[in-house]
Structures are given as structure tokens and as C-alpha cells.
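The next block holds one structure in the form of C-alpha cells; read it before the comments.
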Amino acid sequence: MSQFDFDPDKIEEAVGHGPTVVSYPHTRISNVLEAIVDAFGRFFSWSWIILLALVVANVFLRYFFDTTFVALEELQWHLYSIGFMIALSYAVVKDGHVRVDVLAEQLSARKRAWIELLGMMLLLAPFCVLILIYAYPFVERSYLINEVSGAPGGLPMRWLIKSVILVGFSLLLMSAVARALRALSLLTGFPKAIPAGKRRG
Amino acid sequence: DFDRIRWQVPMAFSSSLTALGDTMPLVSEMVSNVSDGRVTLQAFEPGKLVPALSIFDNVSSGNIPAGYSWMGYEWGQIPASALFGATPFGLESQEFLAWMNHHGGKELLEELYEPYNVHPILCGTISPESAGWFTEEMNGVEDFKGLKFRAAGLGGEIMSEFGMSVNVLPGGELYQALETGVLDATEFSLPIIDKQLGFYQVAKHYYLPGWHQPSTNQYLYVNLDKWNDLNAQTQSLIETACMAGNAAAIAKAEALQGAALNEFEELGVNLHQYDESVLKEFEAATEKVMQKYSEQDEMFARVYSSMKEFQAEHAIWKTYGYLPRDYHLD
Amino acid sequence: METYEFIVLAMLGSFMLLIFTGFPVAWVLAGVSVFFSVGAIFAFEYLDVDTYYLTDWNIFGIIVQRIYAQMTKWVLVALPMFIFMGLMLERSGVAERLMTNFVNVFGRFRGGMGVAVILIGILLAASTGIVGASVVLLAMLSLPVMLRQQYSPAFASGIVASSGTLGILIPPSIMLIIMADQLSLSVGDLFMGALIPGVMLGCLYIAYVVIAAWLKPDLSPSRTDLPPITAKVILATLWAVVPPLGLILAVLGSIFFGIATPTEASGVGALGASILAAMNGKLNWDVIKDVSRKTSVTTAFVFGIFLGATAFAVVLRSLGGDEFIAGLLTGIPLSPGGIVLVILFVAFLAGFFLDWLEISLILLPLVGPVVASMGFDLTWFVVLFALTLQTSFLTPPVGFSLFYLKGVAPPEVKTTDIYKGVIPFILLQVLAVTLVFFFEELVLWLPELRYGA
Ligand code: NA
Ligand code: NA
């Protein structure tokens, strides 16, 4: 059987990493930013395990004990949304976001670095900043009127889950800046390249 | 002359839902025709602009100038709004109009929504919902125990008093959940709408009357600043169109349910009417829940007692003034 | 041309240009929305340009609300759970053994592996409606194996992308649920109606793979170095099929017997895959950690695109995108059947740069009433429409299945391979639409049989 087995780590490497994707140097600031994003990403990956347990528990309770808790049902999408909102930035650090590189595959490393730098600063970063500006009153309003779930028996404190937008997009902004710095470092030598930050996992 | 405005008005219901969702497009058309196109309230299908359940939020924070929704959805932010959307054992459509316009309902509502910077206009009240689709026959409240029931709003909380396990599965999952037995029962809407959605294909017992929702009331929410910016003529145009919308909604909802129920019988659906003893038990449970929320929320208490006061005063007319409901004209 | 029409075209154009820079699709969508919003606000404020509804900064408040709406979409809980299931299955050794045995048995036939992948795709489609999950799962299971067997990368990619996309059409299907909601139709009628066309499409795929493999041997070479088929090989294969088949039964069975909703069944599947891994002695702390982190990355790239697309759609719509499309549609001087064909063609074209959700939200409410008033059965029309929209997953530049596939494909698979590989499958889809157009019974027979409606 061994002749056909495949290496999961190879597939992991292939996620978003075509052979032509430029490997950008690390810098002092980007290491700090990426370490923070990475820590959040790793920690909140546990939400999938909890979600799994919760979904199965809900099915079990309803089928065998004819019991349903609206709050537990709502907790499912709470967990899932925490999971993916935090993961957005984690995937930037891991370069896991999908690119259409049919033409870009032909470009030189410097040209691709320019695209990466401009894209991060002109496309992703402004989006994050504007979302943060407009998400703040959105969360604040929910907090001030003490909003609860629209379903009787649902979860309280809606502002808490809404504020995940603030956390998620702050991390996303950090990951965008980190990547832009690394592209800048490749193009201009500033900020200075240093060895990769120490990371577990 | 009328103000020249072009507003996006998102709706909480698809315009293809008869009587429930087609009132706002009608109001838009009236407003546009009367003003010769100066006043445009462009109705948007649910989700096209903002999510159906966030319309109030968006109008309140000024993201959009106006929106169209059922007020029960605002429960999580303003508990008393549930009563303006639908009140269990509450007012029927024409009674609701009477209370709103002549017994202080409108004033209470404007007071309730003023802090949120929203001007709500009643814009489409319709006939009772059905009490629900059940896969098995119910022979008394004992049968409710352990039943897996999907219900939105206060009605659901009241049903859970009878040992039902109530959940809030999303509308799109209901059909399949009933078919496979994930659910034993669900409530949804008017018979004509239930028919459109085909629930009769997967649940054969249809229970009436809609005690939990004797009328269903939709509103046009207008951002208060935007409303105050309009001249009197434009304000009056919108209010008049909504009043016409109320008449149109009642007419359409009443016009179609008889045919829908007759068709259900032909399709092999068993129509059931809850008998009085069951309804009395529902009413007692309703009082308990209403009591609880009245204690928790001052506006809830004021609105509920105002409604009940009017209902009590009106009762004698309802009893003596009309033919008995079960008087058969044949 | 009116000003707003020019702005709408410019927005679509800039997106299509920028996407080819190789910058992540999600952030191109998001960034273009920001640029056109800010530009429109200034143009309206200072240059007195007609920017339709988009006249102030509140558009960003609306985008925040739409992001929150994505967070509250309960049915999408299934997506990370099915991704988790796929990753866990990959680690459990089960898939490995299954693929090894499939190669042993089917590898000796040209195109045999391809047919096996399509069959698994049809089974997956019947258990979930989440395209991202099934494409990712199929790609992780079968692409490396097919490539190792010298399949042409284009051929292999086409098989994986198209059979992974079947899930959106074969019930349970989120697309049909949303379309039922849009036009207030019975979900059951649509599910029953889509079943035969969906399975028929799967069969067309199989027929194509068999014929293509036979005509062009180097697309999917058969192997000559395999052990002869003995009772032992067959037994080993049957034994290898048991665990994944059990898993599929657990997912489908929990739906079928009313234990779980399709959404919850994804959690049951994820648990099942973990149990299989444990039974093979492969489940340990590191594997759990690894699988959940990879679930994060894979889920994130799907949701990144969702968030970008939701911003893009609402900005385009506020700039008058709907009116632009409605304007194109009205005034077609054709027979009723011809109008239906034109609508489908527009949906097909729109599918090149929009996804099915946006197209259904824009087009269906516009054309549904028109089609009904011409006397056509709406169930038939919606299935036809769904069949057409399914191609939007496969047509570049914005083809979600292509993105998902590229996201997990081994490096030797180029984007051009994927584009080339899906062309025959897109043509098959056009063929299926044609068949359903001329034989409405393909749609209407089952609902009538089941519900007598
Ligand atoms: Na499916
Ligand atoms: Na496409």
C-alpha cells in the first residue's frame, strides 16, 4: 500500500503556496504582528472541536431526551462565527487565501512583491480600517440597549458576539501590515530582514 | 410640492408571499403614482441590501432611510415591540386599527420608538396565522409534552409551558425537518402562504385558530431624522399610502384563506379547531408569560394593559354587535 | 449610456482586471468595493454625479451588518464541520486505504479512477449542499492519487471540480432552499424536481470520462503493474470500502431517519471520521491540533471570499447594478420559450463573474413573475435555472469550485490546467440544460409522483 500513500504535509504546503509564490523576508515588526495573529489563530482553532461536541450533543439531547435548548442551538453559530472570523487573519499569515495566479505565475518576484505591497495597503488595509470604524458604533449600540437574542430563551449579551468583528478585523489589519512590511523589505531592504520569529506548531 | 426622494426600502418578507409581502410594493407604487415619480420608495427583497432581521437596526442607526418589517422581530432590542407585532389572545386586525388610531396605540408606539430615532408607521395588518402543522393528531394538551415544535416569538415561549421542546430552526430547514421527523410540528403563517410553501405535503394535521397571533402587523420604519426632514405634504403622502396599504392587506388576506382551506381538505389535510378547554389552558399560560414580561419591562406593561383595557371595553360590542362566530349562514 | 451604467461597468471591469494580478480574490472583492464606494461618495458630493443610491458613508454601516449576517448563518455551520471531516478522514488512514484499493481495482481500467471519484462525488452531493466542502474533500482524497497514476492534471481537475459541485444541485441543496424562499415555492417540490436532472448530470460526467479515456489513452492511463485481481484484492477492497461507506451512511442516515438536520449531520460526520481515525490508532493530540488548525485555514479562505463578495454585491447594487441588469433583460422581442432561453443565457454569462447566490438574489425575483405569467411551471423553471447557475462554480474567472480546488491542489496543478479541465464539463452542463428544457418531465415527474400536486 505504501506506494500510493500521500503525504498530508505536502498538501498543507500546497495550500496557497504555488511553487512561484515569493517567500518574503521577515522583519522585526512583522514577526511581532504575525506572532500575535498566529497565537490567536492557534488558540481559536479549538472552537471547531467544541463546535463538533456541541452539535453532536444537541442532536443527542433532542433525539434521545426530547429536549432542546435554544441557547445551545444559538451557541453553534456563535462558535462557528468566532472560529472563521479569527481564522481570516490566521490564513493571511499562512498565505492560505485563494489567488488567481494564471497570469501572475509569469511575473518576476519583484513584480509580485509590488502587487502584494500595493494590494495589502490599498485593498485589504482600507477595507479593515473602514469596517473597524463602522463596526464600533454597531457594537456599542448593541451594548447600550442591552440587546439580547431575538428568540425567547436565546443567548444574552449580543454585543459580545458582535464585537468579534472588531477583534477579527483588528487581527486582519495586523496581518495585512505584517505582510506589506515583508514585501517592502524584499523590495527596498527596509525594514531590515531578520530570521523568522520563533513559532510553535 | 412633494420632496424629491429616492429611498431604498428593504423588506423582511419576499414580495412573492401573498398578503404578507406584497403590501410594501403596492405602497411604493401608490406613492410613486401620486407624486408622479418624485417620491421613490424602492422596495428591496429580503437580504438583497441588508439581512431581513436587521432592518430595524439599520433604520435606527441611519444606514438606510426606511425599511419594512414585522415588529415581532425587534423583540431582542425592544421587548414591548413584540406586542405591536402580534399579541397572543390579543387584538384582531380591525380591532388593532381601532386601538392604534383611537385608543392611544399609535402614541405609545411613537413613544416607544422615539429613543431609537425611528418613526414607525403601521403599513399592513393581516388575518390570523394558523396555529401550526402537526404530523400527529393532538387530543389535548398532554399530547404536547415532548413534542419537537418550531415557533418564533412569544407563542413559542408559551407552548414550552406545556412541555414542548421549542426550537427556532431557520425557515428554510422546516420543510425537510418535518419530513424526516426532526420536527413534529411547526407554525408558519397564513393558510395561503403555508400552501405556497407546501407544508401540507409533509404534515397532515392543520390546527387553527391562530390564538398566538390573532393579527400580524407590519410596519414601515422611517429614520426619524429623515422623517423630520420631509415636508408635510410628503409625510402625509406616505401616511395615507400606508393607511391604504392596511385596507389592501386586510382585503387580500381575507379574500384568499377560504379557498386555501377548502383546497387543503381536498388534498387530504385534516383541519382541526382547538376546543375551548385547550384554548383556556393556552390563555392561562399566556397570562403567566405576559405577567413575567410586564414585571421585567415597564413599557411592556403599559402597552399590554392599554391593549387589554381596550379589549375589555370592546368586548360587549363584540358579543352583542355581531352574529356569533359559529352562526352558520346557509 | 447613463452615468450609473458606466460606473457599474467600471466596477465589474476593475474587479476582473485586478483579479488577474494574483492578489487574493477575497481582498480584491473587498478593496474594489471600498474604492468604488469612496469614489461614488466624493463624486456625488463634489461633482454632482448621479451615483444612484450610493450617496453617503452609511454604505459601510450596511457592509458591517452584512458581515454580521454571515456570522449568524446557521446552515453554514456545516461548512467547517465537513472540512474537519475531510481533513480527519485524510489523517485517519481510511481514505489512503480506500484509494489504494480503488487504484488496485479500477486503476487497470482507463478512466476507472475518474469514474470512482464521480461516484463518490454523487454520494457526497446527496449528503451535503456545501460545495466548498465537497470539492476540498474530493481533491484531498483523489487528486494526488490520480496524478501519481499519470492522469493529465487538467482531466483530473475537471473531474474533481465538477463532481464536487454536484452537491449544490442534488438535494439537500442550499441553493434550492434559497430559491424556494425567493419565489415562495415548496422546498419539497424543488428537491424532488432536481433529483433526476442532478443524477442525470452525474451520469453524463461518467459517460464523458469513459468515452474520453477510451479515445485518448494518455488522459488517464491504465496501469499495467498492478497485481492481478484475486479474491484477496477484491476482499481487501470491499473491506476498505466499509469505513467510508459507514461514514456516508451515518451522515445520510441521520438525515434520513430524522435524527439530525442536514446541518447537524455534518457534525455527526466529523465525529464519525474522528472515531474511524481512533479505530485505526491514528488519533492523537497532535493530529487533533493539526486538523483543527487546517480547518481554520481552509474555512477562512472560503469565508474570506464570502465577506468580500457580500461587500462587492451590496456596493454594486447600490450603484444601480440591479437596474442595469433589469434594463438589459427588458424589451426582448421573442417567443415565451425564447425569453426563457435568453434568461438562462444571461444567468450563464453572469455566472462568469458573479456567484449563484448573487445571481439568484438579483435575477430570480425579477424573472420569476415574468416566467410564471407566460404559463410555465415555476418548479421546472427554477430547476433549469439552478442547473444553469451550477456552471457559475466552474466558469473562470470567478468560479468558486476552481478557487477551492486551487486552494488544496498539489503545486504541479496549474490554474491553466484547471481552466482547461472544466471546459468539457461546462459543455455537458449546457447539454443537460438543453435536455431539461425540451423534456420538462425530467423535472415534473417525480414531484407529481411523490406529492400528487
Ligand atoms: Na446536495
Ligand atoms: Na463563474
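Identifiers for the C-alpha cells are assigned positionally: chains receive A, B, ... in sequence, residues are indexed from 1 per chain, and ligands are indexed from 1 in the order shown.
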
Practice problem: List every residue of segment 42-203 of chain B that DSSP, applied to the backbone of this structure, assigns to alpha helix (DSSP H), and report them as a count of residues only. | Solution: 51

Quiz item: If you count only C-alpha atoms and all ligand atoms, which residues end up within 8 Å of ligand 2, as a PyMOL selection string?
Solution: chain C and resi 350-355+391-400

Output the selection as an mmCIF file, in the first residue's frame - N, CA and C atoms for each residue.
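See part-v7.cif below for the written result:
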```
data_model
loop_
_atom_site.group_PDB
_atom_site.id
_atom_site.type_symbol
_atom_site.label_atom_id
_atom_site.label_comp_id
_atom_site.auth_asym_id
_atom_site.auth_seq_id
_atom_site.Cartn_x
_atom_site.Cartn_y
_atom_site.Cartn_z
ATOM 1 N N ALA C 350 -23.699 35.786 -16.543
ATOM 2 C CA ALA C 350 -23.468 36.418 -15.239
ATOM 3 C C ALA C 350 -22.614 35.503 -14.367
ATOM 4 N N GLY C 351 -22.771 34.189 -14.576
ATOM 5 C CA GLY C 351 -22.037 33.209 -13.784
ATOM 6 C C GLY C 351 -20.530 33.274 -13.957
ATOM 7 N N PHE C 352 -20.085 33.935 -15.030
ATOM 8 C CA PHE C 352 -18.637 34.040 -15.198
ATOM 9 C C PHE C 352 -18.023 34.936 -14.129
ATOM 10 N N PHE C 353 -18.780 35.976 -13.697
ATOM 11 C CA PHE C 353 -18.162 36.881 -12.730
ATOM 12 C C PHE C 353 -18.967 37.086 -11.450
ATOM 13 N N LEU C 354 -20.139 36.473 -11.329
ATOM 14 C CA LEU C 354 -20.861 36.539 -10.054
ATOM 15 C C LEU C 354 -21.112 35.110 -9.596
ATOM 16 N N ASP C 355 -21.418 34.934 -8.301
ATOM 17 C CA ASP C 355 -21.706 33.562 -7.886
ATOM 18 C C ASP C 355 -23.213 33.339 -7.831
ATOM 19 N N THR C 391 -23.153 26.013 -13.327
ATOM 20 C CA THR C 391 -21.953 26.256 -14.130
ATOM 21 C C THR C 391 -21.143 27.430 -13.586
ATOM 22 N N SER C 392 -21.803 28.362 -12.858
ATOM 23 C CA SER C 392 -21.073 29.541 -12.382
ATOM 24 C C SER C 392 -19.939 29.143 -11.443
ATOM 25 N N PHE C 393 -20.044 27.968 -10.840
ATOM 26 C CA PHE C 393 -18.966 27.488 -9.982
ATOM 27 C C PHE C 393 -17.728 27.104 -10.792
ATOM 28 N N LEU C 394 -17.975 26.784 -12.060
ATOM 29 C CA LEU C 394 -16.913 26.194 -12.869
ATOM 30 C C LEU C 394 -16.353 27.146 -13.921
ATOM 31 N N THR C 395 -17.009 28.296 -14.111
ATOM 32 C CA THR C 395 -16.545 29.186 -15.173
ATOM 33 C C THR C 395 -15.593 30.239 -14.620
ATOM 34 N N PRO C 396 -14.384 30.347 -15.184
ATOM 35 C CA PRO C 396 -13.457 31.381 -14.772
ATOM 36 C C PRO C 396 -13.945 32.749 -15.257
ATOM 37 N N PRO C 397 -13.518 33.878 -14.716
ATOM 38 C CA PRO C 397 -12.511 33.954 -13.653
ATOM 39 C C PRO C 397 -13.059 33.690 -12.241
ATOM 40 N N VAL C 398 -14.348 33.992 -11.991
ATOM 41 C CA VAL C 398 -14.877 33.781 -10.649
ATOM 42 C C VAL C 398 -15.632 32.460 -10.588
ATOM 43 N N GLY C 399 -14.924 31.365 -10.391
ATOM 44 C CA GLY C 399 -15.577 30.076 -10.241
ATOM 45 C C GLY C 399 -15.173 29.522 -8.889
ATOM 46 N N PHE C 400 -16.107 29.481 -7.972
ATOM 47 C CA PHE C 400 -15.746 29.127 -6.596
ATOM 48 C C PHE C 400 -15.123 27.739 -6.503
#
```

Quiz prompt | Closest of C:Trp239, C:Tyr46, C:Tyr208, C:Phe15 to Ala313 of chain C - atom-to-atom distances counting only C-alpha atoms | solution =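 Between C:Trp239, C:Tyr46, C:Tyr208, C:Phe15, the residue approaching Ala313 of chain C most closely is C:Phe15.
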
Quiz item: Which residue gives the smallest distance to chain A among B:Gln94, B:Ser61, B:Ser215, B:Gln235, with only C-alpha atoms counted?
Solution: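 Closest residue, counting only C-alpha atoms: B:Ser61.
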
Exercise. May I ask for the distance between atom CA of Leu160 of chain A and atom CA of Ser266 of chain C, given in Å to one decimal place?
Key: 26.5 Å

Practice problem: Name the closest residue to ligand 1 among the candidates C:Leu137, C:Leu79, C:Met175, C:Ala347; distances are taken between atoms, counting only C-alpha atoms and all ligand atoms. | Solution: C:Met175
